[in-house]
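Coordinates from upload_16.cif are shown below (mmCIF, C-alpha atoms and all ligand atoms).
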```cif
data_entry
loop_
_atom_site.label_atom_id
_atom_site.label_comp_id
_atom_site.auth_asym_id
_atom_site.auth_seq_id
_atom_site.Cartn_x
_atom_site.Cartn_y
_atom_site.Cartn_z
CA MET A 1 7.46 34.71 -19.17
CA GLY A 2 9.28 37.25 -16.91
CA LEU A 3 10.80 36.31 -13.60
CA GLN A 4 7.90 37.63 -11.58
CA GLU A 5 5.31 36.06 -13.83
CA GLY A 6 7.25 32.81 -13.66
CA ALA A 7 7.22 32.92 -9.86
CA SER A 8 3.50 33.60 -9.66
CA TYR A 9 2.84 30.81 -12.19
CA MET A 10 4.73 28.37 -9.96
CA LEU A 11 2.79 29.56 -6.95
CA ASP A 12 -0.38 29.02 -8.89
CA ILE A 13 0.55 25.44 -9.66
CA GLN A 14 1.44 24.83 -6.04
CA GLU A 15 -1.89 26.21 -4.83
CA ARG A 16 -3.81 24.14 -7.37
CA GLN A 17 -1.95 21.01 -6.37
CA GLU A 18 -2.60 21.65 -2.68
CA ALA A 19 -6.31 22.10 -3.37
CA ILE A 20 -6.38 18.78 -5.27
CA ILE A 21 -4.59 17.01 -2.40
CA ARG A 22 -7.12 18.39 0.13
CA ALA A 23 -10.02 17.25 -2.06
CA ALA A 24 -8.45 13.79 -2.44
CA GLU A 25 -8.09 13.46 1.34
CA GLN A 26 -11.82 14.13 1.74
CA TYR A 27 -12.78 11.76 -1.07
CA VAL A 28 -10.71 8.89 0.34
CA GLN A 29 -11.88 9.46 3.91
CA GLU A 30 -15.48 9.12 2.78
CA LYS A 31 -14.81 6.01 0.69
CA LEU A 32 -12.80 4.16 3.36
CA ALA A 33 -14.78 5.32 6.40
CA SER A 34 -16.20 1.87 7.09
CA ASP A 35 -13.15 -0.31 6.49
CA PHE A 36 -11.97 -2.58 9.29
CA SER A 37 -9.71 -4.84 7.24
CA GLY A 38 -6.53 -2.81 7.73
CA HIS A 39 -7.14 -0.61 4.68
CA ASP A 40 -8.63 2.27 6.64
CA TRP A 41 -7.82 5.98 6.38
CA TRP A 42 -4.82 5.65 8.72
CA HIS A 43 -3.26 3.10 6.39
CA ILE A 44 -3.59 5.69 3.62
CA GLU A 45 -2.16 8.41 5.86
CA ARG A 46 0.90 6.28 6.71
CA VAL A 47 1.48 5.28 3.08
CA ARG A 48 1.24 8.94 2.08
CA ALA A 49 3.80 9.95 4.73
CA SER A 50 6.26 7.23 3.66
CA ALA A 51 5.68 8.00 -0.03
CA LEU A 52 6.51 11.68 0.57
CA THR A 53 9.71 10.81 2.42
CA ILE A 54 10.85 8.33 -0.24
CA ALA A 55 9.83 10.64 -3.11
CA LYS A 56 12.06 13.40 -1.75
CA GLU A 57 14.98 11.00 -1.26
CA GLU A 58 14.58 9.65 -4.78
CA GLN A 59 13.79 13.01 -6.37
CA ALA A 60 10.55 11.65 -7.75
CA ASP A 61 7.51 13.77 -8.68
CA VAL A 62 6.11 14.49 -5.22
CA PHE A 63 2.63 15.48 -6.40
CA VAL A 64 2.10 12.30 -8.42
CA CYS A 65 3.41 10.15 -5.55
CA GLU A 66 1.25 11.85 -2.94
CA LEU A 67 -1.92 11.66 -5.02
CA ALA A 68 -1.32 8.04 -6.04
CA ALA A 69 -0.65 7.13 -2.39
CA LEU A 70 -3.89 8.79 -1.30
CA LEU A 71 -5.99 7.06 -3.97
CA HIS A 72 -4.16 3.72 -4.17
CA ASP A 73 -6.70 1.51 -2.36
CA LEU A 74 -9.83 2.82 -4.09
CA ALA A 75 -9.58 0.32 -6.96
CA ASP A 76 -8.97 -2.69 -4.74
CA GLU A 77 -11.25 -5.57 -5.72
CA LYS A 78 -11.08 -6.89 -2.14
CA LEU A 79 -12.66 -3.69 -0.87
CA PHE A 80 -14.84 -2.53 -3.73
CA GLY A 81 -15.59 -5.64 -5.76
CA ASP A 82 -14.64 -4.38 -9.22
CA GLU A 83 -11.15 -3.09 -10.04
CA GLU A 84 -12.05 -1.73 -13.51
CA GLN A 85 -14.96 0.24 -12.14
CA GLY A 86 -12.80 1.59 -9.31
CA LEU A 87 -10.11 2.72 -11.75
CA ARG A 88 -12.67 4.41 -13.98
CA GLU A 89 -14.01 6.33 -11.01
CA ILE A 90 -10.52 7.44 -10.00
CA GLY A 91 -9.83 8.57 -13.59
CA GLU A 92 -13.04 10.58 -13.66
CA TRP A 93 -12.33 12.10 -10.26
CA LEU A 94 -8.85 13.21 -11.40
CA GLU A 95 -10.24 14.75 -14.58
CA ARG A 96 -12.99 16.56 -12.68
CA HIS A 97 -10.42 18.03 -10.31
CA GLY A 98 -8.23 19.39 -13.08
CA VAL A 99 -5.32 16.93 -12.91
CA SER A 100 -3.54 16.89 -16.30
CA GLU A 101 -4.20 13.98 -18.63
CA ASP A 102 -0.60 12.75 -18.39
CA GLU A 103 -0.55 12.87 -14.61
CA ALA A 104 -3.96 11.18 -14.36
CA ALA A 105 -2.84 8.36 -16.68
CA HIS A 106 0.35 7.95 -14.66
CA ILE A 107 -1.52 7.80 -11.36
CA CYS A 108 -4.03 5.25 -12.70
CA GLU A 109 -1.19 3.13 -14.05
CA ILE A 110 0.52 3.14 -10.65
CA ILE A 111 -2.68 2.17 -8.85
CA SER A 112 -3.53 -0.63 -11.26
CA THR A 113 -0.07 -2.23 -11.20
CA MET A 114 1.22 -1.82 -7.63
CA SER A 115 -0.76 -4.50 -5.79
CA PHE A 116 0.98 -7.68 -4.59
CA LYS A 117 -1.67 -10.20 -5.70
CA GLY A 118 0.35 -13.33 -4.95
CA GLY A 119 3.69 -11.79 -5.90
CA SER A 120 4.03 -12.71 -9.57
CA ARG A 121 3.59 -9.28 -11.15
CA PRO A 122 6.18 -7.37 -13.24
CA PRO A 123 8.20 -4.50 -11.70
CA MET A 124 6.77 -0.98 -11.64
CA ARG A 125 7.54 0.99 -14.81
CA THR A 126 8.19 4.44 -13.33
CA LEU A 127 10.16 5.89 -10.43
CA GLU A 128 6.94 7.26 -8.90
CA GLY A 129 5.38 3.80 -9.10
CA ARG A 130 8.37 2.28 -7.34
CA VAL A 131 8.12 4.91 -4.61
CA VAL A 132 4.42 4.39 -3.88
CA GLN A 133 4.72 0.62 -4.03
CA ASP A 134 7.54 0.70 -1.47
CA ALA A 135 5.48 2.95 0.81
CA ASP A 136 2.51 0.56 0.63
CA ARG A 137 4.74 -2.47 1.25
CA LEU A 138 6.40 -0.87 4.26
CA ASP A 139 2.96 -0.60 5.84
CA ALA A 140 2.45 -4.35 5.43
CA ILE A 141 5.50 -5.22 7.55
CA GLY A 142 6.94 -4.38 10.98
CA ALA A 143 4.78 -3.67 14.02
CA VAL A 144 2.06 -1.96 12.02
CA GLY A 145 2.15 -4.75 9.44
CA ILE A 146 1.69 -7.35 12.18
CA SER A 147 -1.38 -5.59 13.53
CA ARG A 148 -2.88 -5.28 10.04
CA VAL A 149 -2.60 -9.01 9.29
CA PHE A 150 -4.58 -9.93 12.36
CA ALA A 151 -7.14 -7.19 11.71
CA TYR A 152 -7.58 -8.44 8.14
CA SER A 153 -7.87 -12.09 9.15
CA GLY A 154 -10.37 -11.23 11.87
CA ALA A 155 -12.44 -9.15 9.46
CA LYS A 156 -12.53 -12.19 7.12
CA GLY A 157 -13.42 -14.59 9.94
CA ARG A 158 -10.17 -16.54 9.56
CA PRO A 159 -8.11 -18.12 12.36
CA VAL A 160 -4.98 -16.61 13.86
CA HIS A 161 -3.10 -19.88 13.43
CA ASP A 162 -3.75 -23.52 12.61
CA PRO A 163 -0.69 -25.79 12.52
CA ASN A 164 -2.57 -28.17 10.20
CA VAL A 165 -2.92 -25.54 7.48
CA ARG A 166 0.45 -25.23 5.71
CA PRO A 167 1.58 -22.00 4.03
CA ARG A 168 1.17 -22.19 0.25
CA GLU A 169 4.25 -21.88 -1.98
CA ALA A 170 3.40 -20.46 -5.38
CA MET A 171 -0.17 -19.26 -5.89
CA THR A 172 -2.43 -17.88 -8.56
CA GLN A 173 -4.29 -14.63 -7.79
CA ALA A 174 -7.47 -16.59 -7.07
CA GLU A 175 -5.70 -18.91 -4.64
CA TYR A 176 -4.03 -15.92 -2.97
CA ARG A 177 -7.44 -14.42 -2.28
CA SER A 178 -9.18 -17.67 -1.39
CA GLY A 179 -10.44 -18.34 2.09
CA ASN A 180 -8.28 -21.21 3.28
CA ASP A 181 -5.70 -19.08 5.03
CA THR A 182 -4.54 -18.11 8.49
CA ALA A 183 -2.94 -14.93 9.76
CA ILE A 184 0.34 -16.69 10.58
CA ASN A 185 0.49 -18.26 7.11
CA HIS A 186 0.14 -14.84 5.54
CA PHE A 187 3.57 -13.97 6.96
CA HIS A 188 5.07 -16.78 4.89
CA GLU A 189 2.91 -16.24 1.83
CA LYS A 190 3.57 -12.52 1.58
CA LEU A 191 5.02 -10.47 4.40
CA LEU A 192 8.40 -12.20 4.78
CA LYS A 193 8.93 -11.93 1.01
CA LEU A 194 8.53 -8.20 0.87
CA LYS A 195 12.00 -7.14 1.97
CA HIS A 196 13.43 -8.79 -1.15
CA LEU A 197 10.95 -6.95 -3.33
CA MET A 198 11.67 -3.37 -2.25
CA ASN A 199 12.51 -0.92 -5.04
CA THR A 200 14.38 1.94 -3.36
CA ALA A 201 17.41 2.19 -1.07
CA TYR A 202 15.37 3.89 1.65
CA GLY A 203 12.62 1.28 1.37
CA ARG A 204 15.13 -1.54 1.62
CA ARG A 205 16.74 -0.04 4.72
CA LEU A 206 13.44 0.30 6.58
CA ALA A 207 12.18 -3.06 5.34
CA GLU A 208 15.26 -4.77 6.78
CA GLU A 209 14.51 -3.47 10.31
CA ARG A 210 10.82 -4.24 10.07
CA HIS A 211 11.58 -7.72 8.73
CA GLN A 212 13.78 -8.53 11.71
CA PHE A 213 11.02 -7.43 14.05
CA MET A 214 8.55 -9.80 12.36
CA GLU A 215 11.04 -12.69 12.57
CA LEU A 216 11.40 -12.04 16.28
CA PHE A 217 7.63 -11.90 16.68
CA LEU A 218 7.11 -15.22 14.85
CA GLU A 219 9.82 -16.95 16.80
CA ARG A 220 8.23 -15.95 20.11
CA PHE A 221 4.75 -16.76 18.81
CA HIS A 222 5.74 -20.35 18.02
CA ARG A 223 7.59 -20.80 21.30
CA GLU A 224 4.59 -19.55 23.28
CA TRP A 225 2.28 -21.72 21.16
CA GLN A 226 4.24 -24.78 22.25
CA GLY A 227 4.38 -23.71 25.89
CA GLN A 228 8.10 -23.06 25.70
CA ALA A 229 8.30 -19.40 26.58
P1 LIG A 301 -2.10 -6.07 -2.15
O1 LIG A 301 -3.27 -5.09 -2.27
O2 LIG A 301 -0.76 -5.43 -2.23
O3 LIG A 301 -2.29 -7.30 -2.97
P2 LIG A 301 -3.33 -6.84 0.08
O4 LIG A 301 -4.32 -5.73 -0.02
O5 LIG A 301 -3.68 -8.22 -0.26
O6 LIG A 301 -2.07 -6.45 -0.72
O7 LIG A 301 -2.79 -6.83 1.50
C1 LIG A 301 -2.75 -5.69 2.25
C2 LIG A 301 -2.65 -6.14 3.68
O8 LIG A 301 -3.85 -6.81 4.07
C3 LIG A 301 -1.58 -7.18 3.89
O9 LIG A 301 -0.33 -6.61 4.04
C4 LIG A 301 -2.06 -7.87 5.12
O10 LIG A 301 -1.81 -7.11 6.25
C5 LIG A 301 -3.54 -7.91 4.86
N1 LIG A 301 -3.91 -9.16 4.19
C6 LIG A 301 -4.15 -9.38 2.87
N2 LIG A 301 -4.44 -10.68 2.63
C7 LIG A 301 -4.37 -11.30 3.83
C8 LIG A 301 -4.58 -12.65 4.28
N3 LIG A 301 -4.91 -13.62 3.46
N4 LIG A 301 -4.42 -12.90 5.59
C9 LIG A 301 -4.09 -11.93 6.47
N5 LIG A 301 -3.89 -10.66 6.12
C10 LIG A 301 -4.03 -10.33 4.82
NI NI A 302 -2.57 -0.10 0.59
#
```
Turn the structure described in the file into structure tokens.
Amino acid sequence: MGLQEGASYMLDIQERQEAIIRAAEQYVQEKLASDFSGHDWWHIERVRASALTIAKEEQADVFVCELAALLHDLADEKLFGDEEQGLREIGEWLERHGVSEDEAAHICEIISTMSFKGGSRPPMRTLEGRVVQDADRLDAIGAVGISRVFAYSGAKGRPVHDPNVRPREAMTQAEYRSGNDTAINHFHEKLLKLKHLMNTAYGRRLAEERHQFMELFLERFHREWQGQA
């Protein structure tokens, strides 16, 4: 391949990738249009933005990270009932839109392994997986994270806080998903653990700040709850 041909080939790839990203945006917007549990389109948009920033810092494959970030909630059993079915649909969508077999397999692997599910899962295998997982976790903490917990709890009909319901220590996936939970307990069962689980330097740095903000929030919450502030 000559220099000029090489340049136009690269441009071609870039245009194809951009078209796939645009199509994925549309696909996800349609699928998540009616979500009010904190997994709406704007969650996806924020995770995509963070994933892009971290991918560049870590010199990861930006296309794989962006596409995985866009599609990452479409196989969630909380939202769609059946994880296997969701993954199959994502695989088919990627194939239909001309994503290479290797990239499609990589993206599906990221999506199927990145979820927290009680916290007992093995680390992500690839750099791109670590990037997207960090981006998703960042959106669960800090000011945005705080708002999402209460939105999720409300959508599930669960209380904000009940001092008689203690946070659970270690949990199976079924227990993690089960109904006997409050928004405040979710901080202890998941959100306050996330800063120790970050994969990348950039993720850790941001998680530290967001963690401190949640600590501050909880401290005030409990003081106000007891009429002390
Ligand atoms: P993952 O998909 O990584 O297992 P989830 O989808 O369970 O994570 O959680 C995504 C976000 O939804 C959480 O960060 C939190 O804001 C909210 N959420 C999930 N489970 C609960 C819960 N039991 N109580 C309150 N919020 C929850
Ligand atoms: Ni997510």
Counting all atoms listed in the file, what are the residues, protein, DNA or RNA alike, that approach ligand LIG 301 (chain A) to within 7 Å? I want them as a PyMOL selection string.
chain A and resi 37-38+76+114-118+140-141+145-146+148-150+152-153+176-177+181-183+186+191
Please determine, counting only C-alpha atoms and all ligand atoms, which residue among A:Glu15, A:Glu189, A:Asp82, A:Asp139 has the shortest atom-to-atom distance to ligand NI 302 (chain A).
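Closest to ligand NI 302 (chain A), using only C-alpha atoms and all ligand atoms: A:Asp139.
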Mind working out the centre and edge lengths of an axis-aligned box for stretch 88-97 of chain A, all listed atoms inside, 3 Å added to each side, rounded to one decimal in Å and written as JSON?
```
{"center_x": -11.4, "center_y": 11.2, "center_z": -12.3, "size_x": 11.2, "size_y": 19.6, "size_z": 10.6}
```
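Where the distance criterion is 8 Å and the atoms used are all atoms listed in the file, the residues close to ligand NI 302 (chain A) are His39, His43, Ile44, Val47, His72, Asp73, Ser115, Asp136, Arg137 and Asp139 of chain A.
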With C-alpha atoms kept, could you save the residues just selected as a short mmCIF file (atom, residue, chain, number, x, y, z; two decimals), in the frame of the given file?
```cif
data_model
loop_
_atom_site.label_atom_id
_atom_site.label_comp_id
_atom_site.auth_asym_id
_atom_site.auth_seq_id
_atom_site.Cartn_x
_atom_site.Cartn_y
_atom_site.Cartn_z
CA HIS A 39 -7.14 -0.61 4.68
CA HIS A 43 -3.26 3.10 6.39
CA ILE A 44 -3.59 5.69 3.62
CA VAL A 47 1.48 5.28 3.08
CA HIS A 72 -4.16 3.72 -4.17
CA ASP A 73 -6.70 1.51 -2.36
CA SER A 115 -0.76 -4.50 -5.79
CA ASP A 136 2.51 0.56 0.63
CA ARG A 137 4.74 -2.47 1.25
CA ASP A 139 2.96 -0.60 5.84
#
```
Identify, on the basis of only C-alpha atoms, every residue whose closest approach to stretch 89-95 of chain A does not exceed 9 Å; exclude the query and any residue fewer than 6 positions from it along the same chain; express the result as a PDB file with C-alpha atoms, in the coordinates of the input.
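The file below, part17.pdb, is the result:
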```pdb
ATOM      1  CA  ILE A  20      -6.380  18.780  -5.270  1.00  0.00           C
ATOM      2  CA  ALA A  24      -8.450  13.790  -2.440  1.00  0.00           C
ATOM      3  CA  LEU A  71      -5.990   7.060  -3.970  1.00  0.00           C
ATOM      4  CA  LEU A  74      -9.830   2.820  -4.090  1.00  0.00           C
ATOM      5  CA  ALA A  75      -9.580   0.320  -6.960  1.00  0.00           C
ATOM      6  CA  GLU A 101      -4.200  13.980 -18.630  1.00  0.00           C
ATOM      7  CA  GLU A 103      -0.550  12.870 -14.610  1.00  0.00           C
ATOM      8  CA  ALA A 104      -3.960  11.180 -14.360  1.00  0.00           C
ATOM      9  CA  ALA A 105      -2.840   8.360 -16.680  1.00  0.00           C
ATOM     10  CA  ILE A 107      -1.520   7.800 -11.360  1.00  0.00           C
ATOM     11  CA  CYS A 108      -4.030   5.250 -12.700  1.00  0.00           C
TER      12      CYS A 108
END
```
Which residue of A:Ala68, A:Val132, A:Ile13, A:Val160 approaches A:Gly203 most closely, using all atoms listed in the file
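Comparing A:Ala68, A:Val132, A:Ile13, A:Val160 against A:Gly203, the winner is A:Val132.
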Just give me the gap between atom CA of A:Leu206 and atom CA of A:Val131 in Å, one decimal is fine.
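Atom-to-atom, atom CA of A:Leu206 and atom CA of A:Val131 are spaced 13.2 Å apart.
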Go through A:Ala229, A:Met198, A:Val144, A:Leu52 and flag the residue nearest A:Met214, using all atoms listed in the file for the distances.
A:Val144
Gap from atom CA of A:Leu79 to atom CA of A:Glu25 - Å, one decimal
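Separating atom CA of A:Leu79 from atom CA of A:Glu25 is a distance of 17.9 Å.
Interatomic distance, atom CA of A:Arg168 against atom CA of A:Arg210: 22.6 Å.
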